[in-house]
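A.B. asks: Please find entry30.txt (compact mmCIF, C-alpha atoms) on the next line:
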```txt
# COMPACT_ATOMS: atom_id res chain seq x y z
CA MET A 24 113.26 99.17 139.74
CA SER A 25 116.19 100.30 141.85
CA ALA A 26 116.97 103.94 142.49
CA VAL A 27 119.17 105.77 140.02
CA SER A 28 122.86 105.56 140.88
CA LEU A 29 123.99 109.16 141.39
CA PRO A 30 127.68 108.52 140.57
CA ALA A 31 126.58 106.66 137.43
CA ALA A 32 124.31 109.56 136.47
CA ASP A 33 127.22 111.99 136.92
CA GLU A 34 129.36 109.83 134.64
CA ALA A 35 126.55 109.67 132.09
CA ARG A 36 126.22 113.46 132.05
CA ALA A 37 129.97 113.80 131.55
CA ALA A 38 129.89 111.29 128.68
CA ALA A 39 126.98 113.09 127.03
CA SER A 40 128.86 116.40 126.99
CA GLY A 41 131.54 115.12 124.63
CA ALA A 42 131.53 116.06 120.95
CA PRO A 43 131.41 113.33 118.26
CA GLY A 44 134.68 112.38 116.66
CA VAL A 45 137.11 109.54 116.07
CA GLU A 46 136.85 108.28 119.65
CA THR A 47 133.05 108.30 119.44
CA ARG A 48 133.14 106.15 116.31
CA ALA A 49 135.60 103.79 117.95
CA ALA A 50 133.20 103.40 120.88
CA GLY A 51 130.54 102.07 118.55
CA VAL A 52 126.76 101.93 118.44
CA THR A 53 124.43 98.99 119.03
CA LEU A 54 121.15 99.08 117.09
CA VAL A 55 118.48 97.07 118.93
CA VAL A 56 115.35 95.98 117.07
CA PRO A 57 112.63 93.89 118.79
CA VAL A 58 110.65 91.62 116.46
CA LEU A 59 107.32 89.79 116.67
CA ASN A 60 105.71 88.57 113.44
CA THR A 61 106.76 91.58 111.32
CA MET A 62 107.80 89.68 108.19
CA ARG A 63 105.58 91.91 106.05
CA TYR A 64 107.88 94.85 106.88
CA LEU A 65 111.32 93.29 107.30
CA ARG A 66 112.22 93.08 103.60
CA ASP A 67 111.90 96.87 103.47
CA THR A 68 113.18 97.88 106.89
CA VAL A 69 116.18 95.57 107.43
CA PRO A 70 118.12 96.96 104.42
CA SER A 71 117.63 100.48 105.79
CA VAL A 72 118.94 99.45 109.23
CA LEU A 73 121.98 97.76 107.70
CA ALA A 74 122.66 100.78 105.46
CA ALA A 75 122.62 103.08 108.50
CA ALA A 76 124.98 100.75 110.37
CA ARG A 77 127.41 100.62 107.45
CA CYS A 78 127.24 104.38 106.90
CA TRP A 79 128.34 104.90 110.50
CA GLY A 80 131.06 102.30 110.08
CA ASN A 81 131.11 100.63 113.47
CA ALA A 82 127.56 99.75 114.45
CA GLU A 83 126.25 96.40 115.65
CA VAL A 84 122.76 95.31 114.58
CA VAL A 85 120.91 93.13 117.09
CA TYR A 86 117.41 91.79 116.38
CA VAL A 87 115.58 90.29 119.35
CA ASP A 88 112.84 87.91 118.24
CA HIS A 89 109.91 87.38 120.60
CA GLY A 90 108.81 84.00 119.27
CA SER A 91 107.72 84.92 115.74
CA THR A 92 105.76 82.31 113.78
CA ASP A 93 105.53 84.10 110.42
CA GLY A 94 109.10 83.45 109.20
CA SER A 95 110.62 86.61 110.70
CA TYR A 96 113.14 84.71 112.79
CA GLU A 97 114.26 82.46 109.92
CA PHE A 98 114.56 85.45 107.56
CA LEU A 99 116.74 87.35 110.00
CA ARG A 100 118.93 84.30 110.65
CA SER A 101 119.54 84.10 106.90
CA LEU A 102 121.01 87.61 107.06
CA GLU A 103 123.60 86.86 109.72
CA PRO A 104 126.39 86.79 107.10
CA ASP A 105 125.41 90.39 106.26
CA GLY A 106 126.01 91.58 109.81
CA VAL A 107 122.68 90.85 111.50
CA ARG A 108 122.87 89.32 114.97
CA VAL A 109 119.71 87.50 116.04
CA ILE A 110 118.73 86.33 119.50
CA ARG A 111 115.44 84.77 120.54
CA ARG A 112 113.60 85.45 123.77
CA GLU A 113 110.09 84.14 124.29
CA GLY A 114 107.97 85.59 127.03
CA GLY A 115 108.44 88.85 128.89
CA SER A 116 107.68 92.43 127.96
CA ILE A 117 108.86 94.70 125.16
CA GLY A 118 111.11 96.40 127.71
CA ALA A 119 112.71 93.04 128.49
CA LEU A 120 113.39 92.48 124.79
CA ARG A 121 115.08 95.85 124.44
CA ASN A 122 117.17 95.26 127.54
CA ALA A 123 118.24 91.86 126.22
CA GLY A 124 119.37 93.45 122.95
CA ALA A 125 121.30 96.12 124.84
CA ARG A 126 123.12 93.44 126.87
CA GLU A 127 123.95 91.51 123.70
CA GLY A 128 125.78 94.45 122.12
CA GLY A 129 128.85 96.32 123.27
CA GLY A 130 128.33 99.79 121.83
CA ALA A 131 128.75 102.90 123.97
CA TYR A 132 125.52 104.16 122.37
CA LEU A 133 122.22 102.32 121.99
CA ALA A 134 119.72 102.94 119.20
CA PHE A 135 116.30 101.41 119.78
CA VAL A 136 114.07 101.25 116.69
CA ASP A 137 111.04 99.13 115.89
CA ALA A 138 111.08 96.40 113.27
CA ASP A 139 108.49 98.21 111.13
CA CYS A 140 110.55 101.43 110.88
CA LEU A 141 112.64 102.68 107.95
CA VAL A 142 115.91 104.21 109.15
CA PRO A 143 117.68 106.93 107.10
CA GLU A 144 121.26 106.24 106.11
CA GLY A 145 122.63 109.15 108.16
CA TYR A 146 120.56 108.34 111.25
CA LEU A 147 123.44 107.46 113.57
CA GLU A 148 125.53 110.42 112.47
CA GLU A 149 122.65 112.79 113.22
CA ALA A 150 121.94 111.18 116.60
CA ILE A 151 125.54 111.35 117.81
CA ALA A 152 125.81 114.94 116.58
CA ALA A 153 122.62 115.90 118.45
CA LEU A 154 124.00 114.53 121.72
CA GLY A 155 127.28 116.31 121.15
CA ARG A 156 125.64 119.67 120.41
CA THR A 157 123.23 119.64 123.33
CA GLY A 158 124.84 117.55 126.06
CA ALA A 159 121.66 115.47 126.15
CA ALA A 160 121.71 111.85 127.26
CA ALA A 161 119.11 110.70 124.73
CA THR A 162 117.61 111.83 121.46
CA GLY A 163 115.18 110.76 118.77
CA CYS A 164 111.95 112.03 117.29
CA GLU A 165 108.30 111.20 116.81
CA ALA A 166 108.19 108.45 114.15
CA ARG A 167 106.78 109.78 110.89
CA ALA A 168 103.98 108.28 108.82
CA PRO A 169 104.85 107.26 105.26
CA GLU A 170 103.84 109.63 102.49
CA GLY A 171 100.57 108.75 100.77
CA GLY A 172 99.40 106.59 103.66
CA HIS A 173 95.96 105.97 105.10
CA TRP A 174 93.93 108.95 106.36
CA ILE A 175 94.29 107.73 109.95
CA GLU A 176 98.10 107.79 109.62
CA ALA A 177 98.08 111.21 107.98
CA ALA A 178 95.73 112.76 110.54
CA TRP A 179 97.61 111.38 113.55
CA ASP A 180 100.99 112.39 112.11
CA ALA A 181 99.80 115.94 111.40
CA LEU A 182 98.75 116.34 115.02
CA HIS A 183 101.72 114.71 116.72
CA PHE A 184 104.81 115.56 114.70
CA VAL A 185 106.08 118.86 116.07
CA GLY A 186 109.15 119.16 113.83
CA ARG A 187 111.09 121.46 116.17
CA ASP A 188 114.25 120.58 118.08
CA ARG A 189 113.63 120.90 121.81
CA PHE A 190 114.08 119.30 125.20
CA VAL A 191 111.23 116.91 126.03
CA HIS A 192 110.19 114.70 128.93
CA TYR A 193 110.19 111.45 126.93
CA LEU A 194 110.52 109.96 123.45
CA ASN A 195 108.73 107.01 121.90
CA SER A 196 110.92 103.91 122.12
CA ALA A 197 110.23 103.14 118.45
CA ASN A 198 112.95 105.75 117.81
CA PHE A 199 115.10 106.23 120.89
CA PHE A 200 118.86 106.84 120.89
CA ILE A 201 120.72 106.98 124.21
CA SER A 202 124.23 106.72 125.59
CA ARG A 203 124.85 103.41 127.30
CA ALA A 204 126.17 105.26 130.34
CA ALA A 205 122.81 107.01 130.77
CA PHE A 206 120.87 103.82 130.02
CA ASP A 207 122.81 101.88 132.62
CA ALA A 208 122.62 104.73 135.14
CA VAL A 209 118.82 104.50 135.25
CA GLY A 210 118.70 100.73 135.00
CA GLY A 211 117.37 100.35 131.46
CA PHE A 212 113.70 99.77 130.62
CA ARG A 213 111.34 98.48 133.26
CA GLU A 214 110.56 94.87 132.42
CA ASP A 215 107.37 94.59 134.47
CA LEU A 216 105.44 97.02 132.24
CA ALA A 217 103.43 95.70 129.30
CA THR A 218 103.52 99.16 127.70
CA GLY A 219 104.52 102.67 128.71
CA GLU A 220 108.16 101.72 129.22
CA ASP A 221 109.28 104.68 127.10
CA SER A 222 107.54 107.37 129.15
CA GLU A 223 108.65 105.63 132.36
CA ILE A 224 112.35 105.59 131.43
CA GLY A 225 111.96 109.22 130.37
CA ARG A 226 110.78 110.07 133.88
CA ARG A 227 113.80 108.37 135.45
CA LEU A 228 116.21 110.09 133.06
CA LEU A 229 114.86 113.50 133.99
CA GLU A 230 114.95 112.65 137.71
CA ALA A 231 118.66 111.85 137.23
CA ARG A 232 119.13 115.20 135.41
CA LEU A 233 119.89 113.39 132.15
CA PRO A 234 118.13 115.52 129.51
CA ILE A 235 116.27 114.24 126.44
CA TRP A 236 116.55 116.16 123.19
CA GLU A 237 114.01 115.72 120.40
CA CYS A 238 115.73 116.26 117.07
CA ALA A 239 113.75 116.29 113.83
CA ARG A 240 116.78 115.04 111.89
CA VAL A 241 116.96 111.87 114.02
CA SER A 242 113.89 110.55 112.29
CA VAL A 243 112.43 107.22 111.19
CA VAL A 244 109.39 106.34 109.08
CA HIS A 245 106.90 104.03 110.79
CA LEU A 246 105.23 101.60 108.38
CA GLY A 247 103.10 99.70 110.89
CA ASN A 248 100.57 102.40 111.76
CA PRO A 249 96.87 101.55 112.17
CA ARG A 250 95.03 101.67 108.86
CA SER A 251 91.54 100.95 110.08
CA ILE A 252 89.34 102.01 112.98
CA ARG A 253 89.63 98.52 114.46
CA GLU A 254 93.45 98.63 114.35
CA PHE A 255 93.48 102.14 115.80
CA TRP A 256 91.22 101.05 118.64
CA ARG A 257 93.19 97.93 119.50
CA ARG A 258 96.56 99.76 119.32
CA THR A 259 95.28 102.56 121.55
CA VAL A 260 93.84 100.12 124.09
CA TRP A 261 97.16 98.25 124.19
CA HIS A 262 99.20 101.43 124.71
CA GLY A 263 96.74 102.54 127.37
CA LEU A 264 97.58 99.50 129.48
CA GLY A 265 100.72 101.35 130.57
CA MET A 266 98.86 104.51 131.59
CA PHE A 267 99.92 104.25 135.24
CA ALA A 268 103.63 103.81 134.47
CA THR A 269 104.49 107.41 135.33
CA VAL A 270 101.84 108.17 137.95
CA GLY A 271 103.51 109.63 141.01
CA GLY A 272 106.32 111.24 139.03
CA PRO A 273 107.15 114.94 139.17
CA ARG A 274 105.22 115.80 136.01
CA PHE A 275 101.48 116.27 135.61
CA ASP A 276 100.10 113.22 133.76
CA ARG A 277 98.05 115.01 131.11
CA PRO A 278 96.67 111.95 129.20
CA LEU A 279 95.41 110.35 132.42
CA ALA A 280 93.83 113.62 133.56
CA MET A 281 92.15 114.15 130.19
CA MET A 282 90.79 110.60 130.22
CA ALA A 283 89.30 111.27 133.65
CA ALA A 284 87.83 114.53 132.35
CA HIS A 285 86.27 112.68 129.39
CA LEU A 286 84.68 110.18 131.76
CA ALA A 287 83.32 113.02 133.91
CA CYS A 288 81.88 114.77 130.83
CA THR A 289 80.27 111.52 129.71
CA LEU A 290 78.61 111.01 133.09
CA ALA A 291 77.46 114.64 133.10
CA GLY A 292 75.96 114.15 129.63
CA VAL A 293 74.07 111.05 130.73
CA ALA A 294 72.76 112.93 133.77
CA LEU A 295 71.62 115.77 131.51
CA LEU A 296 69.67 113.37 129.30
CA PHE A 297 67.69 112.13 132.30
CA ARG A 298 67.28 115.48 134.00
CA PRO A 299 63.60 116.35 134.44
CA GLY A 300 62.34 119.45 132.70
CA VAL A 301 65.11 119.69 130.08
CA PRO A 302 63.74 119.56 126.52
CA LEU A 303 65.06 116.54 124.61
CA PRO A 304 66.75 118.58 121.81
CA ALA A 305 68.58 120.69 124.39
CA ALA A 306 69.56 117.60 126.39
CA LEU A 307 70.86 115.83 123.28
CA GLY A 308 72.81 118.90 122.19
CA GLY A 309 74.31 119.37 125.63
CA ALA A 310 75.25 115.70 125.94
CA LEU A 311 76.91 115.77 122.50
CA ALA A 312 78.83 118.94 123.39
CA LEU A 313 80.03 117.34 126.62
CA GLN A 314 81.02 114.16 124.76
CA LEU A 315 83.19 116.13 122.33
CA ALA A 316 84.59 118.66 124.81
CA VAL A 317 87.76 116.80 125.79
CA PRO A 318 88.56 115.54 122.24
CA ALA A 319 88.10 119.10 120.93
CA ALA A 320 90.35 120.54 123.65
CA THR A 321 92.99 117.93 122.86
CA VAL A 322 92.93 118.65 119.13
CA ALA A 323 93.23 122.38 119.84
CA TYR A 324 96.20 121.75 122.17
CA ARG A 325 97.91 119.52 119.61
CA CYS A 326 97.42 122.06 116.80
CA ALA A 327 98.89 124.80 118.98
CA LYS A 328 101.85 122.62 119.93
CA ALA A 329 102.55 121.61 116.33
CA ARG A 330 101.88 125.17 115.11
CA ARG A 331 99.71 123.94 112.27
CA VAL A 332 95.99 123.63 111.61
CA ALA A 333 94.85 120.03 111.20
CA ALA A 334 91.62 118.77 109.68
CA LEU A 335 89.02 119.02 112.44
CA ALA A 336 86.56 116.22 111.66
CA PRO A 337 88.98 113.26 111.35
CA ASN A 338 91.08 114.32 114.34
CA LEU A 339 88.03 114.95 116.49
CA ALA A 340 86.78 111.47 115.59
CA LEU A 341 90.16 109.89 116.33
CA TYR A 342 90.49 111.54 119.71
CA TRP A 343 86.94 110.62 120.63
CA LEU A 344 87.87 107.00 119.89
CA TYR A 345 91.19 107.48 121.67
CA TYR A 346 89.60 108.43 124.99
CA TRP A 347 87.04 105.66 124.84
CA ALA A 348 89.84 103.18 124.05
CA ARG A 349 91.78 104.49 127.05
CA LEU A 350 88.71 103.90 129.22
CA HIS A 351 88.62 100.36 127.81
CA SER A 352 92.26 100.02 128.92
CA LEU A 353 91.31 101.19 132.39
CA ALA A 354 88.57 98.57 132.55
CA LEU A 355 91.02 95.85 131.50
CA ILE A 356 93.51 96.96 134.16
CA ALA A 357 90.82 97.07 136.85
CA SER A 358 89.57 93.60 135.92
CA GLY A 359 93.07 92.10 135.79
CA LYS A 360 92.73 91.21 132.11
CA GLY A 361 95.31 93.66 130.76
CA ARG A 362 98.15 91.13 130.53
CA ARG A 363 96.10 88.95 128.19
CA TYR A 364 95.22 91.73 125.77
CA ARG A 365 97.00 91.79 122.40
CA LYS A 366 96.94 94.67 119.94
```
Render the structure in this file as structure tokens.
C.D. replies:
Amino acid sequence: MSAVSLPAADEARAAASGAPGVETRAAGVTLVVPVLNTMRYLRDTVPSVLAAARCWGNAEVVYVDHGSTDGSYEFLRSLEPDGVRVIRREGGSIGALRNAGAREGGGAYLAFVDADCLVPEGYLEEAIAALGRTGAAATGCEARAPEGGHWIEAAWDALHFVGRDRFVHYLNSANFFISRAAFDAVGGFREDLATGEDSEIGRRLLEARLPIWECARVSVVHLGNPRSIREFWRRTVWHGLGMFATVGGPRFDRPLAMMAAHLACTLAGVALLFRPGVPLPAALGGALALQLAVPAATVAYRCAKARRVAALAPNLALYWLYYWARLHSLALIASGKGRRYRK
């Protein structure tokens, strides 16, 4: 990835400072949606994307298919008369798909959403307004879980949705709205990363002094959340494959540090179990406390950040699984098998 162009970053900051209006609408928005075998969601999500595009009045809708075999590509092609543009790109990373969609469209603003997300009708209006109010280069929000969903969805959403407008160091690319000037200034998404492209582009935006504003009104509903322990594990392992994307940046990498702390606690617990002279009940209790120390600290941090009390047992269990899944990711990276892993 090349260094950020400073003149381009200056232009992007100037563009971000403008208020929305007639000229903004004339500039247009390109909605980019990567797709891979998501037919089970598309009948619900595509109408919401098209409704948001029509509500704005001048938005392009570009779906980038990654070689779907479940009918997704054919379904989307059938909607081309309704304003859907479909391109197909097999191979490459999710970042490459998003970049391809951005190149296909001509909007001065880019909205990246996932194919399993419901988009509110006023989404683009809210996003443009947020950039105009704050001078930020990018906006979006943590994708919400659907109401009445699985307990895993509900527990994870309760811990991770903050619900307050604020400047942040990155946003999930499932719901990421950015000016094209800022996107081009930092060179788009890194295409060599299997995952973690969202946190990595966030790092480069901040290095270029292009702020990111989380806005609760720029929200989407994510339908494709894990609904079983197996799905949660596999999804977490897959996301963990990009854990080194932002190492070496200016910010402290908290997830990586906490994973290392969990490994250290695990090793300390094993050592305690085999320590001579320690009664077995005390050793077991100490090992269990060490095993849950980092998950408990994480849940406490998340509750404080979200300013709400979440159910302890399910979230403790999920974060215990989360850190072990991240260690699985580390093992895959170390063994060179990460590229072959599929969530």
A.B. asks: So that I can see what lies close to Ile201 in chain A, please list as a PyMOL selection string the residues with an atom at most 12 Å from it, counting all atoms listed in the file and leaving out residues fewer than 2 positions away in the same chain.
C.D. replies: chain A and resi 35-36+38-39+52-55+125+130-136+147+150-151+153-155+158-163+193-194+196+198-199+203-209+211-212+224-225+228+233-237+241
A.B. asks: Emit as AutoDock Vina command-line options the padded axis-aligned box for all listed atoms of range 172-177 of chain A, 8 Å per side, with centre and edge lengths in Å to one decimal.
C.D. replies:
```
--center_x 96.7 --center_y 108.6 --center_z 106.8 --size_x 21.5 --size_y 21.2 --size_z 22.3
```
A.B. asks: Find the residues around range 92-104 of chain A up to 12 Å (all atoms listed in the file counted), leave out those fewer than 2 positions away in its own chain, and share them as number ranges by chain.
C.D. replies: A: 56-66, 68-70, 73, 83-90, 106-113, 138-139
A.B. asks: Per residue of range 122-205 of chain A within 12 Å of range 316-334 of chain A, record the nearest atom pair and its distance in Å to one decimal, counting only C-alpha atoms, with rows in chain order and ascending residue number, as a Markdown table.
C.D. replies:
```
| residue | atom | partner | partner_atom | distance |
| --- | --- | --- | --- | --- |
| A:Glu165 | CA | A:Ala329 | CA | 11.9 |
| A:Trp174 | CA | A:Ala334 | CA | 10.6 |
| A:Ile175 | CA | A:Ala334 | CA | 11.4 |
| A:Ala177 | CA | A:Ala333 | CA | 9.9 |
| A:Ala178 | CA | A:Ala334 | CA | 7.3 |
| A:Trp179 | CA | A:Ala333 | CA | 9.4 |
| A:Asp180 | CA | A:Ala333 | CA | 9.8 |
| A:Ala181 | CA | A:Ala333 | CA | 6.4 |
| A:Leu182 | CA | A:Arg325 | CA | 5.6 |
| A:His183 | CA | A:Arg325 | CA | 6.8 |
| A:Phe184 | CA | A:Ala329 | CA | 6.7 |
| A:Val185 | CA | A:Ala329 | CA | 4.5 |
| A:Gly186 | CA | A:Ala329 | CA | 7.5 |
| A:Arg187 | CA | A:Ala329 | CA | 8.5 |
| A:Asp188 | CA | A:Ala329 | CA | 11.9 |
```
A.B. asks: Could you tell me how far CA of Phe267 in chain A lies from CA of Met282 in chain A, in Å and to one decimal?
C.D. replies: 12.2 Å
A.B. asks: One decimal, in Å: what's the spacing between CA of Leu344 in chain A and CA of Trp256 in chain A?
C.D. replies: 6.9 Å
A.B. asks: For range 78-81 of chain A, list every protein, DNA or RNA residue within 8 Å, evaluated using all atoms listed in the file, and leave out those in the same chain fewer than 3 positions away; present the list as number ranges by chain.
C.D. replies: A: 48-49, 51-52, 74-75, 144-145, 147-148
A.B. asks: Considering all atoms listed in the file, can you say which of A:Met266, A:Cys238, A:Val260, A:Ala280 comes closest to Ser222 in chain A?
C.D. replies: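 Counting all atoms listed in the file, the residue closest to Ser222 in chain A is A:Met266.
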A.B. asks: Would you mind reading off the distance between CA of Pro302 in chain A and CA of Ala283 in chain A, one decimal, in Å?
C.D. replies: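 Between these atoms lies a distance of 27.8 Å.
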A.B. asks: Between A:Leu313, A:His262, A:Ala231, A:Gly210, which is the closest to Ser352 in chain A once you count all atoms listed in the file?
C.D. replies: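 Using all atoms listed in the file, the shortest distance to Ser352 in chain A belongs to A:His262.
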